[in-house]
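Participant: Here's a structure for you.
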Amino acid sequence: MKQKMDVQQGTLALMVLKTLDMLGPLHGYAVARRIEQISGDLLSVNQGTLYPVLLRLEQEGAIASDWGPSENNRRARFYRLTRAGRTLLKAEKRDWEQTAAIIARFFDVEAGKLA
């Protein structure tokens, strides 16, 4: 059985933006389940962490929400990416790629090659 990891701080907003970009409007529970599914069930998304991120992203204008019926006919808030959210997603992706490249350099460097 795989042990699920908590989502690292600072990464959840990026995952939310990318999930909404790929899949379109989703309610909060579906966002959490999709992130877990995309991670191969290696991540665990805590509802108490997700909803503050959704609220912050909405306040920043990166996502918008509307009420609608869920799959089981319950009233749910559906979140969707805005134009500002797409711009933010591109910038965040670029930042994460740059950070990953920098970290990779630390793992690739050999002590004897430092000057």
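Here, A, B, ... name the chains of the structure tokens in the order displayed, residue numbers run from 1 inside each chain, and ligands are numbered from 1 in the same displayed order.
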Near segment 56-71 of chain A, within 6 Å and counting only C-alpha atoms, which residues show up once chain neighbours fewer than 5 positions away are dropped, as a PyMOL selection string?

Facilitator: chain A and resi 76-82+84-85

Participant: So that I have them on file, write out the residues from the current selection with N, CA and C atoms, as a compact mmCIF listing (two decimals), in the first residue's frame.

Facilitator:
```
# COMPACT_ATOMS: atom_id res chain seq x y z
N ALA A 76 -23.10 22.87 -5.09
CA ALA A 76 -21.66 22.96 -4.88
C ALA A 76 -21.12 24.19 -5.60
N ARG A 77 -20.02 24.70 -5.09
CA ARG A 77 -19.35 25.83 -5.73
C ARG A 77 -18.34 25.28 -6.72
N PHE A 78 -18.48 25.66 -7.98
CA PHE A 78 -17.58 25.23 -9.04
C PHE A 78 -16.58 26.33 -9.34
N TYR A 79 -15.31 25.95 -9.38
CA TYR A 79 -14.23 26.90 -9.60
C TYR A 79 -13.73 26.76 -11.04
N ARG A 80 -13.39 27.91 -11.64
CA ARG A 80 -12.85 27.90 -13.00
C ARG A 80 -11.70 28.89 -13.09
N LEU A 81 -10.80 28.62 -14.00
CA LEU A 81 -9.63 29.47 -14.22
C LEU A 81 -10.06 30.73 -14.98
N THR A 82 -9.52 31.87 -14.60
CA THR A 82 -9.77 33.12 -15.31
C THR A 82 -8.58 33.42 -16.23
N ALA A 84 -6.60 35.92 -15.89
CA ALA A 84 -5.50 36.25 -14.96
C ALA A 84 -4.90 34.97 -14.39
N GLY A 85 -5.73 33.96 -14.16
CA GLY A 85 -5.25 32.68 -13.66
C GLY A 85 -4.36 31.96 -14.66
```

Participant: Would you give me, as a list in words, the residues in chain A that DSSP reads as strand (DSSP E)?

Facilitator: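 Everything in chain A that counts as strand (DSSP E) is Met5, Asp6, Leu26, His27, Leu43, Ser44, Ile63, Ala64, Ser65, Asp66, Trp67, Gly68, Pro69, Arg75, Ala76, Arg77, Phe78, Tyr79, Arg80 and Leu81 of chain A.
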
Participant: For segment 21-36 of chain A, work out the shell of residues within 8 Å, counting only C-alpha atoms and skipping chain neighbours fewer than 3 positions away, then give it as a ChimeraX atom specification.

Facilitator: /A:15-18,39-47,50-51,54,70,76-81,86

Participant: So which one's closest to Thr11 of chain A, A:Leu55, A:Arg83, A:Arg75, A:Leu89? Using only C-alpha atoms, please.

Facilitator: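 Closest to Thr11 of chain A of all the choices is A:Leu89.
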
Participant: Can you check which residues of segment 16-85 of chain A DSSP gives as helix (DSSP H, G or I) on the backbone and send them as a ChimeraX atom specification?

Facilitator: /A:16-23,28-38,47-59,83-85

Participant: Just write the chosen residues, N, CA, C and O atoms, as a tab-separated table (two decimals), in the first residue's frame.

Facilitator:
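Written file, out_1.tsv:
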```
chain	number	residue	atom	x	y	z
A	16	VAL	N	-3.71	23.36	-8.21
A	16	VAL	CA	-5.11	23.75	-8.42
A	16	VAL	C	-5.26	24.44	-9.76
A	16	VAL	O	-6.14	24.11	-10.56
A	17	LEU	N	-4.39	25.41	-10.04
A	17	LEU	CA	-4.47	26.15	-11.30
A	17	LEU	C	-4.32	25.21	-12.50
A	17	LEU	O	-5.10	25.29	-13.45
A	18	LYS	N	-3.35	24.31	-12.44
A	18	LYS	CA	-3.13	23.39	-13.55
A	18	LYS	C	-4.29	22.41	-13.71
A	18	LYS	O	-4.71	22.11	-14.83
A	19	THR	N	-4.84	21.95	-12.60
A	19	THR	CA	-5.98	21.03	-12.65
A	19	THR	C	-7.18	21.70	-13.31
A	19	THR	O	-7.83	21.12	-14.19
A	20	LEU	N	-7.48	22.93	-12.92
A	20	LEU	CA	-8.60	23.66	-13.52
A	20	LEU	C	-8.32	23.98	-14.99
A	20	LEU	O	-9.24	23.97	-15.82
A	21	ASP	N	-7.05	24.24	-15.32
A	21	ASP	CA	-6.67	24.50	-16.70
A	21	ASP	C	-6.91	23.26	-17.57
A	21	ASP	O	-7.43	23.36	-18.68
A	22	MET	N	-6.55	22.10	-17.05
A	22	MET	CA	-6.69	20.85	-17.82
A	22	MET	C	-8.13	20.37	-17.90
A	22	MET	O	-8.56	19.89	-18.94
A	23	LEU	N	-8.86	20.46	-16.79
A	23	LEU	CA	-10.15	19.79	-16.69
A	23	LEU	C	-11.36	20.70	-16.72
A	23	LEU	O	-12.49	20.23	-16.76
A	28	GLY	N	-14.71	21.92	-5.26
A	28	GLY	CA	-13.53	21.73	-4.42
A	28	GLY	C	-13.17	20.28	-4.17
A	28	GLY	O	-12.01	19.89	-4.26
A	29	TYR	N	-14.17	19.46	-3.85
A	29	TYR	CA	-13.89	18.05	-3.59
A	29	TYR	C	-13.31	17.38	-4.82
A	29	TYR	O	-12.36	16.59	-4.73
A	30	ALA	N	-13.84	17.70	-6.00
A	30	ALA	CA	-13.34	17.12	-7.25
A	30	ALA	C	-11.91	17.59	-7.53
A	30	ALA	O	-11.08	16.81	-8.03
A	31	VAL	N	-11.61	18.84	-7.22
A	31	VAL	CA	-10.24	19.35	-7.39
A	31	VAL	C	-9.28	18.51	-6.55
A	31	VAL	O	-8.25	18.04	-7.04
A	32	ALA	N	-9.63	18.30	-5.29
A	32	ALA	CA	-8.78	17.51	-4.39
A	32	ALA	C	-8.59	16.10	-4.91
A	32	ALA	O	-7.46	15.58	-4.95
A	33	ARG	N	-9.67	15.45	-5.32
A	33	ARG	CA	-9.57	14.08	-5.82
A	33	ARG	C	-8.75	14.00	-7.10
A	33	ARG	O	-7.98	13.07	-7.30
A	34	ARG	N	-8.89	14.98	-7.99
A	34	ARG	CA	-8.12	14.97	-9.24
A	34	ARG	C	-6.64	15.16	-8.97
A	34	ARG	O	-5.81	14.51	-9.61
A	35	ILE	N	-6.29	16.03	-8.04
A	35	ILE	CA	-4.88	16.22	-7.70
A	35	ILE	C	-4.31	14.91	-7.16
A	35	ILE	O	-3.22	14.50	-7.55
A	36	GLU	N	-5.05	14.26	-6.29
A	36	GLU	CA	-4.60	12.98	-5.75
A	36	GLU	C	-4.47	11.94	-6.87
A	36	GLU	O	-3.48	11.21	-6.93
A	37	GLN	N	-5.44	11.91	-7.76
A	37	GLN	CA	-5.42	10.96	-8.88
A	37	GLN	C	-4.24	11.23	-9.82
A	37	GLN	O	-3.52	10.31	-10.20
A	38	ILE	N	-4.02	12.48	-10.19
A	38	ILE	CA	-2.93	12.83	-11.10
A	38	ILE	C	-1.58	12.49	-10.47
A	38	ILE	O	-0.65	12.08	-11.17
A	47	GLN	N	-8.68	18.92	3.02
A	47	GLN	CA	-9.74	19.90	2.73
A	47	GLN	C	-9.50	21.22	3.48
A	47	GLN	O	-9.80	22.29	2.97
A	48	GLY	N	-8.95	21.12	4.68
A	48	GLY	CA	-8.66	22.32	5.46
A	48	GLY	C	-7.55	23.16	4.87
A	48	GLY	O	-7.40	24.33	5.23
A	49	THR	N	-6.77	22.59	3.99
A	49	THR	CA	-5.71	23.32	3.29
A	49	THR	C	-6.21	23.80	1.94
A	49	THR	O	-5.87	24.89	1.49
A	50	LEU	N	-7.02	22.99	1.27
A	50	LEU	CA	-7.49	23.31	-0.08
A	50	LEU	C	-8.38	24.54	-0.11
A	50	LEU	O	-8.18	25.44	-0.93
A	51	TYR	N	-9.38	24.61	0.76
A	51	TYR	CA	-10.36	25.68	0.66
A	51	TYR	C	-9.77	27.07	0.92
A	51	TYR	O	-10.15	28.02	0.23
A	52	PRO	N	-8.84	27.23	1.85
A	52	PRO	CA	-8.19	28.54	1.97
A	52	PRO	C	-7.41	28.93	0.70
A	52	PRO	O	-7.38	30.10	0.31
A	53	VAL	N	-6.81	27.95	0.02
A	53	VAL	CA	-6.09	28.22	-1.23
A	53	VAL	C	-7.09	28.64	-2.31
A	53	VAL	O	-6.85	29.61	-3.04
A	54	LEU	N	-8.22	27.94	-2.40
A	54	LEU	CA	-9.25	28.32	-3.37
A	54	LEU	C	-9.76	29.74	-3.09
A	54	LEU	O	-9.92	30.54	-4.02
A	55	LEU	N	-9.99	30.06	-1.83
A	55	LEU	CA	-10.45	31.40	-1.46
A	55	LEU	C	-9.42	32.46	-1.83
A	55	LEU	O	-9.76	33.49	-2.42
A	56	ARG	N	-8.14	32.19	-1.53
A	56	ARG	CA	-7.08	33.16	-1.86
A	56	ARG	C	-6.98	33.36	-3.36
A	56	ARG	O	-6.89	34.49	-3.84
A	57	LEU	N	-7.00	32.26	-4.13
A	57	LEU	CA	-6.92	32.37	-5.58
A	57	LEU	C	-8.11	33.15	-6.15
A	57	LEU	O	-7.96	33.93	-7.10
A	58	GLU	N	-9.28	32.96	-5.54
A	58	GLU	CA	-10.45	33.70	-6.00
A	58	GLU	C	-10.32	35.18	-5.66
A	58	GLU	O	-10.62	36.05	-6.49
A	59	GLN	N	-9.83	35.49	-4.47
A	59	GLN	CA	-9.64	36.88	-4.08
A	59	GLN	C	-8.60	37.58	-4.95
A	59	GLN	O	-8.71	38.77	-5.22
A	83	ARG	N	-8.70	34.46	-17.01
A	83	ARG	CA	-7.59	34.89	-17.86
A	83	ARG	C	-6.37	35.23	-17.00
A	83	ARG	O	-5.25	34.85	-17.32
A	84	ALA	N	-6.60	35.92	-15.89
A	84	ALA	CA	-5.50	36.25	-14.96
A	84	ALA	C	-4.90	34.97	-14.39
A	84	ALA	O	-3.69	34.89	-14.16
A	85	GLY	N	-5.73	33.96	-14.16
A	85	GLY	CA	-5.25	32.68	-13.66
A	85	GLY	C	-4.36	31.96	-14.66
A	85	GLY	O	-3.36	31.34	-14.28
```

Participant: Atom CA of Ala13 of chain A and atom CA of Ala100 of chain A, how far apart in Å?

Facilitator: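 Separating atom CA of Ala100 of chain A from atom CA of Ala13 of chain A is a distance of 17.0 Å.
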